[in-house]
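Colleague: Sharing a structure, written as structure tokens. Questions coming.
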Amino acid sequence: MPDGKISYQDLIRDEYKKCLESPVYFMKHYVKIKHPLRGTILFDLYKFQEETLQAFHDYNFNIILKSRQMGISTLVAAYSLWLMIFHKDKNVLLISLKQDDAKDVVTKVRDAHAELPNWLKVRCVEDNRLSMRFVNGSNIKAASTTKKSGVGQALSLLIIDEAALIETAEELWTSAQPTLSTGGNAIVLSTPRGVGNWFHKMWQGSETDNRDGTVGKNGFHPITLPWQLHPERDDEWRRISGEKQGNPKKASQEYDCNFLASGDNVVDLNIIEFYKKNKACDPIESRGIDRNLWIWEYPNRNHVYVVAADVARGDGEDYSACHVLDISKEMPIQVAEYKGKISTKDFGDFLVALATEYNSCLLVIERENVGWGTIQEVLDRGYPNTFYSNSDLKYVEVQRQLNNNWAAEDKKLVPGFSTNIKTRPMVVDNMEHYMRHMAIELRSKRTLAELETFIWKNGKQIAMEGYNDDLVMALCIALWVRDTALRLRQEGIELTKIAVGAMTKDKMDQTQFYKVKQAQVGHNAWTMNTGRQGFGKQNSEDLRWLLG
């Protein structure tokens, strides 16, 4: 203006330009949020929030490993609002585990938009619980998780919230790829929930950089946000927050960004990590056509072994697996292992050969579903040391598994091991006890990998979706048999040794098996009491006739 004063229009134009160029400036000066204690306040970003926001602006794909209560959901909502206001035809899709969680983000966008000055607002032409659309064509939609949640029109920004909790995250990400192919961005965020899930795998891929050290081989830029970054929190806050969780594992999951300390794994991930670093090793031989029989120790004729097998269902999704454990000492040792896709008949032949090689040891085969096909082949081959039990494992044949057929029938014993609703928790708990006390020498990377994804879900111990537990269950069976059937057998052997030991020469000399009274002088010395009584019967007999 001629008098050198800045007009209101020029001021608005300058501010609008600053907001357009910097989402940080936009939020710190104009976006208001609802603080649970302070009410409606300006979104005065912390340093870690500014850096995270800058990463949204600098990288196409960002993955965030975060603690709870770091304000990241609010940050994502504010960033989505900035994208929609200052750009035309931007499509934002937010996917969360629950619809209410997804709705909350849209609500945050709506509330922040309502608090903006009029010159920053964009007229809303569609507004409901799960979506908003502006007159400039930009919109945000929220959805709960389904495999096809990402399918639709091309996306400008895909946000996946609490990705570690979404079982179908991998399918969801695959279905979203075509919609991002035109240059869309993605923000994936979550607290950790154990290892093996899609979020964990994507995080691992983001840490392995192959470019400039900022982007991983999978294209994601990793951002770690532990609770310590928040300037208003200290060790006392962490202690109190952990106590409120009531569970150290849950607290680590919520606040510490620790994959190993989080999750619902049956076996503590820190224990598995210890085994991976200190016990796992390559086999000395990989045998077979598929090279899937791994051997760490060859058979020793003075040792005792057990072979335990889990048979594939036959649907092509899982594997037949077995372990060979050396149980000669107090700590069982894994000496061989197999995992592969093989027919039930061939698996039976394979198991007979393997058990025979390891001193014709006890062979235990899980008999549910198609396991009978493998067991029948073993029986047809006449293997002499097959495990027998009844359905609930109250009885097992502990001396010699096949030659006491009458006893097996009397106790309704059948060949094989039954894994059912009663026995599965029992054998899994026993395996977890071994692992917790590190009471087994476990060497296989394959088995440890399965244990990493063996979790509690709805009160059941099962493999995480998309993973297998064949080696885990074979291990559970082997350890249970080692502790029960073979212990009972050993107790029988020890009892026999004690009985035989009591019949040594010295003890026999001291024991009077037949007590004879001193011979009487005279006629009575040659008489014997016959025990006969009654009319017409003598109760003694003269033995002198023996003298001829």
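Residue numbering restarts at 1 in every chain; chains get A, B, ... in the order shown in the structure tokens, and ligands count up from 1 in that same order.
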I'd like the contact shell of A:Thr182 - 10 Å cut-off, only C-alpha atoms, skipping same-chain residues fewer than 3 positions apart - returned as a list in words.

Modeller: Ala154, Leu155, Ser156, Gln177, Pro178, Thr179 and Asn185 of chain A

Colleague: What are the DSSP alpha helix (DSSP H) residues of stretch 65-273 of chain A, as a VMD selection string?

Modeller: chain A and resid 72 to 86 99 to 114 169 to 180 198 to 207 235 to 245 248 to 255 269 to 273

Colleague: Which residues are close to A:Ile140, i.e. within 7 Å by only C-alpha atoms, leaving aside same-chain residues fewer than 4 positions away? Reply as a list in words.

Modeller: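 The residues satisfying every condition are Asn91, Val92, Leu93, Ser131, Met132 and Arg133 of chain A.
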
Colleague: Pick out the closest residue to A:Leu53 from this set: A:Met84, A:Gly196, A:Lys244, A:Ile223. Count only C-alpha atoms.

Modeller: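 Of the candidates, the smallest distance to A:Leu53 is held by A:Ile223.
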
Colleague: Please build the interface table for stretch 276-313 of chain A against stretch 354-357 of chain A with a cut-off of 8 Å, listing for each qualifying residue the nearest atom pair and the distance in Å to one decimal; count only C-alpha atoms, order rows by chain and increasing number, and write it as a Markdown table.

Modeller:
| residue | atom | partner | partner_atom | distance |
| --- | --- | --- | --- | --- |
| A:Pro299 | CA | A:Glu357 | CA | 7.0 |
| A:Val306 | CA | A:Ala355 | CA | 7.6 |
| A:Val307 | CA | A:Ala355 | CA | 6.2 |

Colleague: Can you pull out every residue from stretch 7-147 of chain A that DSSP, working from the backbone, puts in strand (DSSP E or B), and format the result as a PyMOL selection string?

Modeller: chain A and resi 32-35+39-42+61-66+91-96+124-128+131-134+139-144

Colleague: Neighbours of A:Leu479 within 12 Å (only C-alpha atoms; same-chain residues fewer than 3 positions away dropped), as JSON, numbers by chain?

Modeller: {"A": [305, 306, 307, 308, 309, 323, 324, 325, 326, 327, 331, 332, 333, 334, 364, 426, 427, 428, 429, 430, 431, 432, 433, 434, 435, 439, 440, 441, 442, 472, 473, 474, 475, 476, 482, 483, 484, 485, 486, 487]}

Colleague: What would the file look like if the residues just selected were written as a JSON list (two decimals), in the first residue's frame with C-alpha atoms?

Modeller:
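File written: result26.json
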[["chain", "number", "residue", "atom", "x", "y", "z"],
["A", 305, "TYR", "CA", 16.74, -91.53, 22.16],
["A", 306, "VAL", "CA", 13.13, -90.73, 21.37],
["A", 307, "VAL", "CA", 11.64, -89.74, 18.01],
["A", 308, "ALA", "CA", 8.42, -87.67, 18.12],
["A", 309, "ALA", "CA", 6.51, -86.73, 14.98],
["A", 323, "HIS", "CA", 12.55, -84.36, 16.45],
["A", 324, "VAL", "CA", 15.15, -86.79, 17.69],
["A", 325, "LEU", "CA", 16.07, -86.10, 21.32],
["A", 326, "ASP", "CA", 18.92, -87.67, 23.24],
["A", 327, "ILE", "CA", 17.41, -88.35, 26.67],
["A", 331, "MET", "CA", 18.95, -82.33, 30.05],
["A", 332, "PRO", "CA", 17.48, -83.60, 26.75],
["A", 333, "ILE", "CA", 19.50, -82.70, 23.66],
["A", 334, "GLN", "CA", 18.15, -82.11, 20.16],
["A", 364, "VAL", "CA", 5.87, -91.40, 19.04],
["A", 426, "MET", "CA", -0.76, -79.97, 29.09],
["A", 427, "VAL", "CA", 2.06, -80.77, 26.68],
["A", 428, "VAL", "CA", 2.53, -77.12, 25.61],
["A", 429, "ASP", "CA", 2.78, -75.97, 29.23],
["A", 430, "ASN", "CA", 5.39, -78.67, 29.82],
["A", 431, "MET", "CA", 7.42, -77.43, 26.84],
["A", 432, "GLU", "CA", 7.19, -73.82, 28.05],
["A", 433, "HIS", "CA", 8.50, -74.96, 31.43],
["A", 434, "TYR", "CA", 11.54, -76.52, 29.74],
["A", 435, "MET", "CA", 12.20, -73.35, 27.75],
["A", 439, "ALA", "CA", 16.40, -77.16, 30.49],
["A", 440, "ILE", "CA", 16.76, -78.40, 26.92],
["A", 441, "GLU", "CA", 19.63, -78.14, 24.44],
["A", 442, "LEU", "CA", 17.79, -76.73, 21.42],
["A", 472, "VAL", "CA", 6.73, -76.90, 18.10],
["A", 473, "MET", "CA", 4.07, -79.58, 18.60],
["A", 474, "ALA", "CA", 6.51, -82.38, 17.79],
["A", 475, "LEU", "CA", 8.83, -80.93, 20.44],
["A", 476, "CYS", "CA", 5.98, -80.72, 22.96],
["A", 482, "ARG", "CA", 10.38, -88.07, 27.92],
["A", 483, "ASP", "CA", 8.88, -86.98, 31.25],
["A", 484, "THR", "CA", 6.11, -89.59, 31.50],
["A", 485, "ALA", "CA", 6.28, -92.80, 29.51],
["A", 486, "LEU", "CA", 10.05, -93.03, 29.52],
["A", 487, "ARG", "CA", 10.25, -92.01, 33.17]]

Colleague: Tell me, as a list in words, which residues lie within 8 Å of A:Ile284, counting only C-alpha atoms; anything in the same chain fewer than 5 positions away does not count.

Modeller: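 The contact residues come out as Trp294, Ile295, Trp296 and Glu297 of chain A.
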
Colleague: Please produce a file of those selected residues containing N, CA and C atoms, as a compact mmCIF listing (two decimals), in the first residue's frame.

Modeller:
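Writing the result to out_38.txt gives the following:
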# COMPACT_ATOMS: atom_id res chain seq x y z
N TRP A 294 17.86 -82.48 9.30
CA TRP A 294 19.04 -81.81 9.85
C TRP A 294 19.58 -82.66 11.00
N ILE A 295 20.88 -82.92 10.98
CA ILE A 295 21.52 -83.76 12.00
C ILE A 295 22.63 -82.98 12.68
N TRP A 296 22.58 -82.98 14.01
CA TRP A 296 23.64 -82.34 14.81
C TRP A 296 24.54 -83.37 15.47
N GLU A 297 24.00 -84.55 15.77
CA GLU A 297 24.81 -85.62 16.37
C GLU A 297 24.36 -86.95 15.77

Colleague: Which value, in Å to one decimal, gives the distance between atom CA of A:Ala77 and atom CA of A:Val109?

Modeller: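 Atom CA of A:Val109 lies at a distance of 5.4 Å from atom CA of A:Ala77.
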
Colleague: Report, in Å with one decimal, the straight-line distance from atom CA of A:His87 to atom CA of A:Phe134.

Modeller: 10.5 Å

Colleague: Which residues, written as a PDB file with C-alpha atoms, in the first residue's frame, have at least one atom at most 9 Å from A:Ile272, with only C-alpha atoms counted and residues fewer than 3 positions away on the same chain left out?

Modeller:
ATOM      1  CA  VAL A 267       7.581 -68.720  25.249  1.00  0.00           C
ATOM      2  CA  ASP A 268       9.235 -65.499  26.351  1.00  0.00           C
ATOM      3  CA  LEU A 269      10.886 -63.895  23.325  1.00  0.00           C
ATOM      4  CA  TYR A 275      18.806 -69.567  22.299  1.00  0.00           C
ATOM      5  CA  LYS A 276      19.236 -67.972  18.876  1.00  0.00           C
ATOM      6  CA  LYS A 277      22.434 -66.200  19.934  1.00  0.00           C
ATOM      7  CA  MET A 435      12.198 -73.345  27.750  1.00  0.00           C
ATOM      8  CA  LEU A 448      13.142 -71.297  17.270  1.00  0.00           C
ATOM      9  CA  ALA A 449      11.513 -69.430  14.379  1.00  0.00           C
ATOM     10  CA  LEU A 451       8.447 -70.589  18.702  1.00  0.00           C
ATOM     11  CA  GLU A 452       8.699 -66.883  17.895  1.00  0.00           C
TER      12      GLU A 452
END

Colleague: Can you measure atom CA of A:Gly263 to atom CA of A:Pro192 for me? One decimal in Å is fine.

Modeller: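 Going from atom CA of A:Gly263 over to atom CA of A:Pro192, I get 7.2 Å.
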
Colleague: Write out as a VMD selection string the residues lying within 12 Å of A:Leu229, counting only C-alpha atoms and excluding same-chain residues fewer than 6 positions away.

Modeller: chain A and resid 46 to 49 51 to 52 66 to 71 235 255 to 257

Colleague: Taking a cut-off of 10 Å and counting only C-alpha atoms, can you build a table that, for each residue of stretch 109-218 of chain A near stretch 21-43 of chain A, reports the nearest atom pair and how far apart they are in Å (one decimal), sorted by chain then residue number, as a tab-separated table?

Modeller:
residue	atom	partner	partner_atom	distance
A:Val109	CA	A:Ile33	CA	9.5
A:Asp111	CA	A:Ile33	CA	7.6
A:Ala112	CA	A:Lys32	CA	5.6
A:His113	CA	A:Val31	CA	7.8
A:Ala114	CA	A:Lys32	CA	9.2
A:Glu115	CA	A:Lys32	CA	6.3
A:Leu116	CA	A:Tyr30	CA	6.2
A:Pro117	CA	A:Tyr30	CA	7.7
A:Leu120	CA	A:Tyr30	CA	8.9

Colleague: I need the residue nearest A:Trp227 from this list: A:Ser444, A:Thr191, A:Asn197, A:Gln245. Use only C-alpha atoms for the distance.

Modeller: A:Thr191

Colleague: Calculated over only C-alpha atoms, which of the candidates A:Gln9, A:Arg313, A:Ile64, A:Thr447 has the smallest distance to A:Gln204?

Modeller: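 Looking at the shortest contact to A:Gln204, the residue is A:Ile64.
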